[in-house]
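Asker: Supplied structure: structure19.tsv, TSV, C-alpha atoms.
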chain	number	residue	atom	x	y	z
A	100	MET	CA	-20.12	-22.02	3.67
A	101	ASP	CA	-23.41	-23.80	2.92
A	102	ARG	CA	-25.37	-21.74	0.42
A	103	SER	CA	-28.30	-24.15	0.10
A	104	ALA	CA	-30.46	-22.12	2.50
A	105	PRO	CA	-30.00	-18.40	1.77
A	106	TRP	CA	-32.26	-17.41	4.67
A	107	ASP	CA	-29.63	-18.81	7.05
A	108	TYR	CA	-26.92	-16.31	6.09
A	109	PRO	CA	-25.43	-14.57	9.13
A	110	GLU	CA	-25.76	-10.83	9.52
A	111	PRO	CA	-23.11	-9.21	7.26
A	112	LEU	CA	-20.31	-7.14	8.73
A	113	ALA	CA	-21.38	-3.52	9.12
A	114	VAL	CA	-19.57	-1.14	6.76
A	115	GLY	CA	-18.99	1.22	9.68
A	116	SER	CA	-17.17	-1.47	11.66
A	117	ALA	CA	-14.17	-1.46	9.30
A	118	PRO	CA	-11.10	0.17	10.93
A	119	VAL	CA	-10.62	3.18	8.65
A	120	PRO	CA	-7.02	4.43	8.18
A	121	GLU	CA	-5.88	7.48	10.17
A	122	TYR	CA	-6.07	9.94	7.30
A	123	GLY	CA	-5.03	13.42	8.33
A	124	SER	CA	-3.11	12.50	11.46
A	125	GLY	CA	-1.33	9.17	11.17
A	126	SER	CA	-1.38	7.71	7.66
A	127	LEU	CA	1.33	7.32	5.03
A	128	ALA	CA	-0.16	10.29	3.18
A	129	ASP	CA	0.67	12.50	6.16
A	130	LEU	CA	4.37	11.66	6.35
A	131	LEU	CA	6.07	13.76	3.66
A	132	PRO	CA	3.90	16.84	4.23
A	133	THR	CA	4.92	16.72	7.91
A	134	LEU	CA	8.61	16.44	7.05
A	135	ALA	CA	8.38	19.15	4.39
A	136	ALA	CA	6.54	21.48	6.76
A	137	GLY	CA	9.44	21.09	9.18
A	138	MET	CA	11.73	22.30	6.39
A	139	ALA	CA	9.52	25.34	5.73
A	140	VAL	CA	8.19	24.16	2.36
A	141	PRO	CA	5.22	26.45	1.52
A	142	GLY	CA	1.78	24.87	1.62
A	143	MET	CA	2.82	21.87	3.69
A	144	THR	CA	1.15	21.00	7.01
A	145	ALA	CA	2.68	19.04	9.88
A	146	ALA	CA	-0.13	16.47	10.05
A	147	ILE	CA	1.71	13.96	12.29
A	148	PRO	CA	2.15	16.01	15.46
A	149	GLU	CA	4.54	13.56	17.11
A	150	LEU	CA	7.38	14.20	14.61
A	151	ALA	CA	9.99	16.81	15.47
A	152	PRO	CA	11.39	18.81	12.52
A	153	ALA	CA	14.80	18.05	11.04
A	154	ASP	CA	16.84	19.82	8.38
A	155	ARG	CA	17.64	16.59	6.57
A	156	ASN	CA	15.04	13.87	6.25
A	157	CYS	CA	15.39	10.41	4.71
A	158	VAL	CA	12.48	8.03	4.18
A	159	PHE	CA	13.49	4.41	3.63
A	160	LEU	CA	10.42	2.52	2.42
A	161	VAL	CA	10.71	-1.26	2.59
A	162	ASP	CA	8.01	-2.87	0.48
A	163	GLY	CA	5.96	-5.26	2.61
A	164	LEU	CA	7.59	-4.51	5.99
A	165	GLY	CA	4.51	-4.52	8.17
A	166	TRP	CA	4.52	-3.38	11.80
A	167	GLU	CA	3.27	-6.73	13.05
A	168	GLN	CA	5.91	-8.62	11.07
A	169	ILE	CA	8.70	-6.66	12.81
A	170	ARG	CA	7.17	-7.32	16.21
A	171	GLU	CA	6.94	-11.04	15.49
A	172	HIS	CA	10.57	-11.45	14.33
A	173	PRO	CA	12.95	-9.99	16.93
A	174	ASP	CA	15.63	-12.57	16.16
A	175	GLU	CA	15.71	-11.89	12.42
A	176	ALA	CA	15.45	-8.12	12.79
A	177	PRO	CA	17.17	-7.12	16.05
A	178	TYR	CA	18.03	-3.60	14.91
A	179	LEU	CA	14.53	-2.86	13.63
A	180	HIS	CA	12.94	-4.47	16.66
A	181	ALA	CA	15.01	-2.30	18.99
A	182	LEU	CA	13.68	0.77	17.16
A	183	LEU	CA	9.99	-0.08	17.67
A	184	GLY	CA	9.75	2.29	20.61
A	185	SER	CA	10.96	5.14	18.39
A	186	SER	CA	8.09	4.71	15.96
A	187	ARG	CA	5.90	7.71	15.26
A	188	GLY	CA	7.96	10.20	17.20
A	189	GLY	CA	8.65	7.95	20.19
A	190	THR	CA	5.04	6.98	20.82
A	191	GLY	CA	5.78	3.39	19.84
A	192	ARG	CA	2.77	3.42	17.54
A	193	PRO	CA	2.49	2.52	13.84
A	194	LEU	CA	1.09	4.51	10.96
A	195	THR	CA	-1.75	3.21	8.81
A	196	ALA	CA	-1.09	2.57	5.14
A	197	GLY	CA	-4.41	3.73	3.70
A	198	TYR	CA	-7.00	1.75	1.79
A	199	PRO	CA	-6.29	-0.38	-0.06
A	200	ALA	CA	-2.99	-1.39	1.55
A	201	THR	CA	-1.22	-2.03	-1.73
A	202	THR	CA	1.94	-0.75	-3.35
A	203	ALA	CA	0.67	1.54	-6.11
A	204	THR	CA	-1.83	3.19	-3.79
A	205	SER	CA	0.61	3.58	-0.91
A	206	LEU	CA	3.50	4.92	-3.00
A	207	ALA	CA	1.17	7.52	-4.49
A	208	SER	CA	0.00	8.46	-1.00
A	209	VAL	CA	3.60	8.80	0.21
A	210	GLY	CA	4.80	10.85	-2.72
A	211	THR	CA	1.84	13.18	-3.18
A	212	GLY	CA	0.90	13.50	0.48
A	213	LEU	CA	-2.70	12.80	-0.52
A	214	PRO	CA	-5.12	9.99	0.34
A	215	PRO	CA	-6.27	7.62	-2.42
A	216	GLY	CA	-9.53	9.43	-3.04
A	217	ALA	CA	-7.55	12.48	-4.13
A	218	HIS	CA	-4.49	11.09	-5.92
A	219	GLY	CA	-6.65	8.59	-7.77
A	220	LEU	CA	-4.69	5.33	-7.57
A	221	PRO	CA	-7.25	3.51	-5.42
A	222	GLY	CA	-6.26	-0.08	-6.05
A	223	TYR	CA	-4.06	-2.64	-7.77
A	224	THR	CA	-6.37	-2.68	-10.79
A	225	VAL	CA	-9.25	-0.27	-11.31
A	226	ARG	CA	-11.57	0.61	-14.16
A	227	ASN	CA	-10.55	3.46	-16.43
A	228	PRO	CA	-13.85	5.30	-16.94
A	229	ALA	CA	-12.63	6.66	-20.29
A	230	THR	CA	-12.08	3.23	-21.82
A	231	GLY	CA	-14.08	0.85	-19.65
A	232	GLU	CA	-10.99	-1.33	-19.27
A	233	LEU	CA	-9.21	-2.45	-16.14
A	234	MET	CA	-5.96	-0.57	-15.58
A	235	ASN	CA	-3.10	-2.07	-13.60
A	236	GLN	CA	-1.78	0.94	-11.69
A	237	LEU	CA	1.42	-0.79	-10.58
A	238	ARG	CA	2.49	-1.76	-14.10
A	239	TRP	CA	0.53	1.07	-15.81
A	240	GLN	CA	-1.13	-1.26	-18.30
A	241	PRO	CA	-2.92	-0.34	-20.51
A	242	TRP	CA	-1.02	2.93	-20.71
A	243	SER	CA	-2.83	6.13	-19.78
A	244	ALA	CA	-1.46	9.68	-19.75
A	245	PRO	CA	0.19	9.90	-16.29
A	246	GLY	CA	-0.43	13.62	-15.76
A	247	ALA	CA	-4.13	13.27	-16.46
A	248	TRP	CA	-4.47	10.21	-14.24
A	249	GLN	CA	-2.69	11.87	-11.28
A	250	PRO	CA	-2.47	15.65	-11.77
A	251	TYR	CA	-1.23	16.79	-8.37
A	252	PRO	CA	2.42	17.76	-7.76
A	253	THR	CA	4.50	15.50	-5.56
A	254	VAL	CA	5.95	16.67	-2.27
A	255	PHE	CA	9.40	16.18	-3.79
A	256	GLN	CA	8.54	18.62	-6.57
A	257	LEU	CA	7.23	21.20	-4.09
A	258	ALA	CA	10.28	20.76	-1.89
A	259	HIS	CA	12.63	21.13	-4.85
A	260	ARG	CA	10.91	24.37	-5.87
A	261	ALA	CA	11.37	25.63	-2.32
A	262	GLY	CA	15.13	25.08	-2.45
A	263	VAL	CA	15.25	21.75	-0.64
A	264	HIS	CA	17.65	19.16	-2.05
A	265	ALA	CA	15.24	16.39	-3.12
A	266	ALA	CA	16.38	12.98	-4.34
A	267	GLN	CA	15.17	9.43	-4.86
A	268	VAL	CA	17.56	6.47	-4.64
A	269	SER	CA	16.08	3.26	-5.99
A	270	SER	CA	16.47	0.53	-8.60
A	271	PRO	CA	17.31	1.87	-12.07
A	272	THR	CA	14.28	-0.10	-13.30
A	273	PHE	CA	11.94	2.44	-11.73
A	274	GLN	CA	13.52	5.62	-13.05
A	275	ASN	CA	11.18	6.26	-15.99
A	276	THR	CA	8.04	4.36	-15.01
A	277	PRO	CA	4.71	6.21	-15.03
A	278	LEU	CA	4.16	5.30	-11.37
A	279	THR	CA	7.44	6.98	-10.43
A	280	LYS	CA	6.50	10.00	-12.54
A	281	VAL	CA	3.12	10.54	-10.87
A	282	ALA	CA	4.08	9.52	-7.32
A	283	LEU	CA	7.75	10.05	-6.60
A	284	SER	CA	9.33	12.46	-9.09
A	285	GLY	CA	10.96	15.75	-8.14
A	286	GLY	CA	14.60	16.66	-7.67
A	287	THR	CA	16.97	13.97	-8.93
A	288	PHE	CA	16.63	10.20	-9.37
A	289	HIS	CA	19.65	7.99	-8.69
A	290	GLY	CA	19.51	4.38	-9.81
A	291	ARG	CA	21.57	1.83	-7.90
A	292	LEU	CA	21.29	-1.94	-8.14
A	293	THR	CA	22.26	-3.22	-4.70
A	294	GLY	CA	20.78	-2.37	-1.34
A	295	GLU	CA	24.18	-1.42	0.03
A	296	GLU	CA	24.78	1.03	-2.82
A	297	ARG	CA	21.40	2.64	-2.17
A	298	MET	CA	22.09	3.07	1.53
A	299	ASP	CA	25.49	4.66	0.90
A	300	LEU	CA	24.17	7.00	-1.76
A	301	ALA	CA	21.12	7.95	0.30
A	302	ALA	CA	23.46	9.10	3.06
A	303	GLU	CA	25.51	11.09	0.55
A	304	GLN	CA	22.38	12.74	-0.84
A	305	LEU	CA	21.25	13.68	2.64
A	306	ALA	CA	24.53	15.51	3.15
A	307	ALA	CA	24.31	17.25	-0.23
A	308	GLY	CA	22.06	20.05	1.03
A	309	ASP	CA	21.50	22.13	4.14
A	310	ARG	CA	17.88	21.01	3.77
A	311	SER	CA	17.41	17.60	2.18
A	312	LEU	CA	14.52	15.26	1.47
A	313	VAL	CA	15.69	11.82	0.33
A	314	TYR	CA	13.66	8.71	-0.46
A	315	THR	CA	15.05	5.22	-0.89
A	316	TYR	CA	13.32	1.91	-1.49
A	317	TYR	CA	13.76	-1.86	-1.28
A	318	ALA	CA	11.32	-4.28	-2.93
A	319	GLU	CA	12.61	-7.82	-2.48
A	320	LEU	CA	11.08	-8.47	0.95
A	321	ASP	CA	7.64	-8.07	-0.58
A	322	GLY	CA	8.50	-10.40	-3.44
A	323	ALA	CA	9.64	-13.11	-1.04
A	324	GLY	CA	6.41	-12.73	0.94
A	325	HIS	CA	4.19	-13.05	-2.11
A	326	ARG	CA	6.00	-16.08	-3.45
A	327	TYR	CA	6.84	-17.98	-0.28
A	328	GLY	CA	4.87	-16.33	2.53
A	329	VAL	CA	5.90	-14.39	5.62
A	330	ALA	CA	6.36	-17.67	7.50
A	331	SER	CA	9.03	-18.86	5.04
A	332	ASP	CA	12.77	-19.08	5.52
A	333	THR	CA	13.23	-17.04	2.33
A	334	TRP	CA	11.19	-14.16	3.75
A	335	ARG	CA	13.04	-14.34	7.06
A	336	GLY	CA	16.35	-14.19	5.20
A	337	GLN	CA	15.21	-11.08	3.38
A	338	LEU	CA	14.16	-9.52	6.67
A	339	MET	CA	17.63	-10.16	8.09
A	340	TYR	CA	19.13	-8.40	5.07
A	341	VAL	CA	16.78	-5.43	5.46
A	342	ASP	CA	17.76	-5.17	9.10
A	343	ARG	CA	21.41	-4.84	8.10
A	344	LEU	CA	20.59	-2.26	5.41
A	345	VAL	CA	18.75	-0.04	7.88
A	346	GLN	CA	21.64	-0.18	10.34
A	347	ARG	CA	24.11	0.59	7.54
A	348	LEU	CA	22.20	3.73	6.56
A	349	ALA	CA	21.61	4.80	10.16
A	350	GLU	CA	25.31	4.65	10.93
A	351	GLN	CA	26.10	7.01	8.04
A	352	LEU	CA	23.61	9.78	8.76
A	353	PRO	CA	25.11	13.27	8.40
A	354	PRO	CA	24.46	15.85	11.15
A	355	ARG	CA	20.94	17.24	11.66
A	356	SER	CA	19.32	14.23	9.99
A	357	ALA	CA	16.30	12.08	10.68
A	358	LEU	CA	15.88	8.64	9.14
A	359	TYR	CA	12.38	7.19	8.96
A	360	VAL	CA	11.90	3.52	8.11
A	361	THR	CA	8.41	2.73	6.90
A	362	ALA	CA	6.49	0.49	4.49
A	363	ASP	CA	3.63	0.48	2.04
A	364	HIS	CA	1.72	-2.39	3.69
A	365	GLY	CA	2.08	-5.53	5.76
A	366	MET	CA	1.13	-9.04	4.65
A	367	VAL	CA	-0.82	-12.16	5.61
A	368	ASP	CA	-0.36	-15.74	4.46
A	369	VAL	CA	-3.56	-17.35	3.18
A	370	PRO	CA	-3.96	-21.16	3.14
A	371	PHE	CA	-4.49	-22.96	-0.16
A	372	ASP	CA	-7.94	-24.44	0.24
A	373	GLU	CA	-11.46	-23.63	-0.93
A	374	GLU	CA	-12.46	-22.28	2.47
A	375	HIS	CA	-9.80	-19.58	2.41
A	376	ARG	CA	-9.53	-19.00	-1.36
A	377	ILE	CA	-12.89	-18.31	-2.98
A	378	ASP	CA	-12.54	-18.60	-6.75
A	379	PHE	CA	-14.55	-15.92	-8.55
A	380	ASP	CA	-14.01	-17.67	-11.88
A	381	ALA	CA	-15.65	-20.84	-10.56
A	382	ASP	CA	-18.47	-19.20	-8.56
A	383	TRP	CA	-21.60	-18.43	-10.55
A	384	GLU	CA	-23.21	-16.47	-7.71
A	385	LEU	CA	-20.34	-14.01	-7.40
A	386	ARG	CA	-20.01	-13.67	-11.18
A	387	ALA	CA	-23.69	-12.90	-11.76
A	388	GLY	CA	-24.12	-9.33	-13.00
A	389	VAL	CA	-20.39	-8.54	-12.80
A	390	ALA	CA	-18.78	-6.90	-15.83
A	391	LEU	CA	-15.25	-6.46	-14.42
A	392	LEU	CA	-13.41	-7.73	-11.35
A	393	GLY	CA	-10.74	-5.31	-10.18
A	394	GLY	CA	-8.50	-4.78	-7.16
A	395	GLU	CA	-6.85	-7.85	-5.66
A	396	GLY	CA	-7.76	-10.84	-3.52
A	397	ARG	CA	-8.23	-9.00	-0.23
A	398	ALA	CA	-9.43	-5.66	-1.61
A	399	ARG	CA	-11.81	-6.07	-4.53
A	400	HIS	CA	-13.37	-3.47	-6.81
A	401	VAL	CA	-16.42	-5.05	-8.44
A	402	TYR	CA	-17.90	-3.34	-11.51
A	403	ALA	CA	-21.46	-4.36	-12.24
A	404	VAL	CA	-23.30	-4.61	-15.53
A	405	PRO	CA	-25.35	-1.38	-15.79
A	406	GLY	CA	-28.55	-1.82	-13.81
A	407	ALA	CA	-27.26	-4.77	-11.78
A	408	GLU	CA	-25.47	-2.78	-9.08
A	409	GLU	CA	-27.95	-3.44	-6.28
A	410	ASP	CA	-28.25	-7.13	-7.12
A	411	VAL	CA	-24.47	-7.57	-7.11
A	412	LEU	CA	-24.19	-5.75	-3.79
A	413	THR	CA	-26.90	-7.93	-2.25
A	414	CYS	CA	-25.35	-11.15	-3.52
A	415	TRP	CA	-21.80	-10.30	-2.44
A	416	ARG	CA	-23.06	-9.32	0.98
A	417	GLU	CA	-25.00	-12.54	1.40
A	418	VAL	CA	-22.18	-14.76	0.19
A	419	LEU	CA	-19.18	-12.95	1.69
A	420	GLY	CA	-20.49	-10.56	4.31
A	421	GLU	CA	-19.43	-12.72	7.24
A	422	GLN	CA	-15.76	-12.54	6.19
A	423	PHE	CA	-15.54	-9.30	4.18
A	424	TRP	CA	-16.70	-5.76	4.71
A	425	VAL	CA	-18.85	-5.35	1.60
A	426	ALA	CA	-19.91	-1.82	0.67
A	427	SER	CA	-21.39	0.05	-2.23
A	428	ARG	CA	-19.19	2.73	-3.73
A	429	ASP	CA	-21.09	5.50	-1.95
A	430	GLU	CA	-21.08	3.63	1.37
A	431	ALA	CA	-17.30	3.16	1.21
A	432	ILE	CA	-16.81	6.84	0.36
A	433	ALA	CA	-19.12	7.96	3.18
A	434	ALA	CA	-17.25	5.71	5.62
A	435	GLY	CA	-13.97	7.37	4.63
A	436	TRP	CA	-12.25	4.27	3.26
A	437	PHE	CA	-10.42	6.30	0.59
A	438	GLY	CA	-9.94	9.46	2.63
A	439	PRO	CA	-12.08	12.41	3.65
A	440	GLN	CA	-13.20	13.05	0.08
A	441	VAL	CA	-13.06	11.49	-3.37
A	442	ASP	CA	-12.31	13.66	-6.39
A	443	ASP	CA	-14.82	13.63	-9.24
A	444	ARG	CA	-12.26	12.16	-11.64
A	445	VAL	CA	-11.67	9.28	-9.20
A	446	TYR	CA	-15.30	8.44	-8.38
A	447	ALA	CA	-15.97	6.07	-11.29
A	448	ARG	CA	-12.61	4.32	-10.84
A	449	LEU	CA	-13.98	2.82	-7.63
A	450	GLY	CA	-16.01	-0.36	-7.83
A	451	ASP	CA	-19.79	-0.33	-7.71
A	452	VAL	CA	-19.21	-2.85	-4.93
A	453	ILE	CA	-16.06	-2.85	-2.76
A	454	ALA	CA	-15.08	-5.88	-0.70
A	455	ALA	CA	-12.37	-5.72	1.99
A	456	ALA	CA	-11.33	-8.92	3.77
A	457	ARG	CA	-11.54	-9.15	7.55
A	458	ASP	CA	-10.61	-12.83	7.85
A	459	ASP	CA	-7.67	-14.74	6.32
A	460	VAL	CA	-9.47	-15.21	3.02
A	461	LEU	CA	-9.07	-14.22	-0.62
A	462	ILE	CA	-11.30	-13.78	-3.62
A	463	ILE	CA	-9.02	-15.24	-6.25
A	464	ALA	CA	-9.66	-15.44	-10.00
A	465	SER	CA	-7.83	-18.57	-11.13
A	466	GLU	CA	-8.40	-18.05	-14.86
A	467	ARG	CA	-8.06	-14.30	-15.33
A	468	GLU	CA	-5.44	-13.77	-12.59
A	469	PRO	CA	-3.40	-17.01	-12.43
A	470	LYS	CA	-0.21	-15.45	-11.07
A	471	GLU	CA	-1.91	-13.36	-8.40
A	472	SER	CA	-4.11	-16.31	-7.42
A	473	ALA	CA	-1.02	-18.42	-6.72
A	474	MET	CA	0.56	-16.00	-4.23
A	475	VAL	CA	1.12	-17.23	-0.67
A	476	GLY	CA	1.39	-13.82	1.01
A	477	ASN	CA	-1.30	-11.22	0.30
A	478	HIS	CA	-2.38	-7.76	1.40
A	479	GLY	CA	-4.80	-4.97	0.60
A	480	SER	CA	-7.40	-4.80	3.35
A	481	MET	CA	-7.81	-2.95	6.64
A	482	THR	CA	-6.66	-5.56	9.15
A	483	PRO	CA	-3.75	-4.63	11.45
A	484	ALA	CA	-1.41	-7.14	9.76
A	485	GLU	CA	-1.89	-5.27	6.46
A	486	GLN	CA	-2.60	-1.69	7.55
A	487	PHE	CA	-0.07	-1.07	10.31
A	488	VAL	CA	3.30	0.09	9.03
A	489	PRO	CA	6.27	1.28	11.08
A	490	LEU	CA	7.69	4.78	11.26
A	491	LEU	CA	10.96	3.87	12.95
A	492	GLU	CA	13.20	6.87	13.65
A	493	VAL	CA	16.94	7.39	13.95
A	494	ARG	CA	18.41	10.89	14.44
A	495	SER	CA	21.91	12.24	14.24
As C-alpha cells, please, write out the structure in this file.
Answerer:
Amino acid sequence: MDRSAPWDYPEPLAVGSAPVPEYGSGSLADLLPTLAAGMAVPGMTAAIPELAPADRNCVFLVDGLGWEQIREHPDEAPYLHALLGSSRGGTGRPLTAGYPATTATSLASVGTGLPPGAHGLPGYTVRNPATGELMNQLRWQPWSAPGAWQPYPTVFQLAHRAGVHAAQVSSPTFQNTPLTKVALSGGTFHGRLTGEERMDLAAEQLAAGDRSLVYTYYAELDGAGHRYGVASDTWRGQLMYVDRLVQRLAEQLPPRSALYVTADHGMVDVPFDEEHRIDFDADWELRAGVALLGGEGRARHVYAVPGAEEDVLTCWREVLGEQFWVASRDEAIAAGWFGPQVDDRVYARLGDVIAAARDDVLIIASEREPKESAMVGNHGSMTPAEQFVPLLEVRS
C-alpha cells in the first residue's frame, strides 16, 4: 500500500460490518451448557436448540479442524465429510468459535460455557493489568494465579457435582497445566499418549456412568497447519488420521450416547511476502505510540502509551483499515466481539485498539515474535475459514 499520500486512504472497514460470533445460540460457549442441560445439570441452559438431549455425551475437539477445511477435503476425510449434514443437530450448519478464534480462548469458552468477555481469556497474549506485562494464556507465562484469572466453575465441575460422570481424556502433558485447571477441570483426567488410546478410553468413560460427559482432544492437526499450512501434504496426512480416529470412537459408542466432533478454530495459509505479512517491528507508523503488541497476527490487541490511544487508533485505521476491522476497545465491546458483556476484571486485558483481519494478511512481529511470525497457517479473526467449526454428530 502506498502511504505517501495519506489523504488517499480508502474508507476503513466499518466495525459493525465484522461477522460477530453467534454467542448465545450457536457458539462454542453454548455447547457444553446445552449438553449438560439435557442431563438435568442445575443452572444449565440448552442454548443450541437444534441438539437433542442424550444421557451420555462425548465432545471430541480436534485442534484446528475448521468447517471449511472439512468441506474442501472429502478425499482425505471421507468419514467426517459424510457427517457434515449431521452438524448442529442435522441442520448441516457450523458453530462459530468466538473471538478471537484461538486455542486458549476457545478451550476456555468450551469448558466454562462462557464467552471470552466473561471467562477472561480474550486472546493468545493479553496485558495483565496487575503487572503491565503481556501474558501468554496458552502457555500461562508469566504465571498468574489461575483461580483469580478465571474464577468461574467449569461445566465439568458443575456436572460432576450433579452426579454426572465427568472425564477428560487427553495428552498427559496437559493434566496439570493452568489452562486445563481454569478451562477443563472437573471429574477425572485421564492421560493417554496416542490418539487410538484416547478414543478407546473415551468410549470406556462414556459407558462408566448412566449420565456421562466426556471430553477428548487431539492437537497435532493444528501443529501441522501452523508449520506447513493447510495446503500441505503433512496437514492432509494428519487429517486422514483424524478421520480414522473419529470413526474408531464412533464405532465404540455405548448405548444412549451422542458424539460431537468440533474444533477450536479453522485456519488460513498466508503468503510470505510484504503485502500479506506486515511487520510491526519494521513499521514506524504502526509502532508509534504503542507500548505493547498483544494477540496474534490476525487478531491483535494493541496497548497504547497512556494518552496516545486515539492517535494509535487513527493510525492503525488509516494504515490497515482496508484489510482489518480496526476498533477501539469500547467499540469492539459494543459490537459484541467478545460476547454480550465484558466483566470488569477483563476490560483492561483487551487492547486499547483491536485489529481483526478480513483479508489473507498478518501483522507479524519478526523480532519479538520470531516463531509465530514464521508460521504458514494462521487463525484468530472472524472470517468463515477461521470462525466456522463443525459440530458433527453420531448417536448410538
Asker: One decimal, Å: what's the distance from CA of His478 in chain A over to CA of Gly219 in chain A, could you say?
Answerer: 19.2 Å
Asker: I need the residue nearest Pro214 in chain A from this list: A:Ser126, A:Gln351, A:Asn235, A:Thr272. Use all atoms listed in the file for the distance.
Answerer: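 The answer is A:Ser126, which sits nearest to Pro214 in chain A.
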Asker: Which residues are near Glu409 in chain A? Cut-off 9 Å, all atoms listed in the file, ignore same chain within fewer than 5 positions. Put them as a PyMOL selection string.
Answerer: chain A and resi 403+414+427+451-452
Asker: Please determine, counting only C-alpha atoms, which residue among A:Gly476, A:Pro271, A:Gly394, A:Pro245 has the shortest atom-to-atom distance to Gly324 in chain A.
Answerer: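 Closest to Gly324 in chain A, using only C-alpha atoms: A:Gly476.
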Asker: One decimal, Å: what's the distance from CA of Ala456 in chain A over to CA of Pro489 in chain A, could you say?
Answerer: 21.6 Å
Asker: I need every residue sitting at most 7 Å from the point (18.0, 6.7, 14.4) (coordinates as in the file, only C-alpha atoms considered), written as a count of residues only.
Answerer: 7
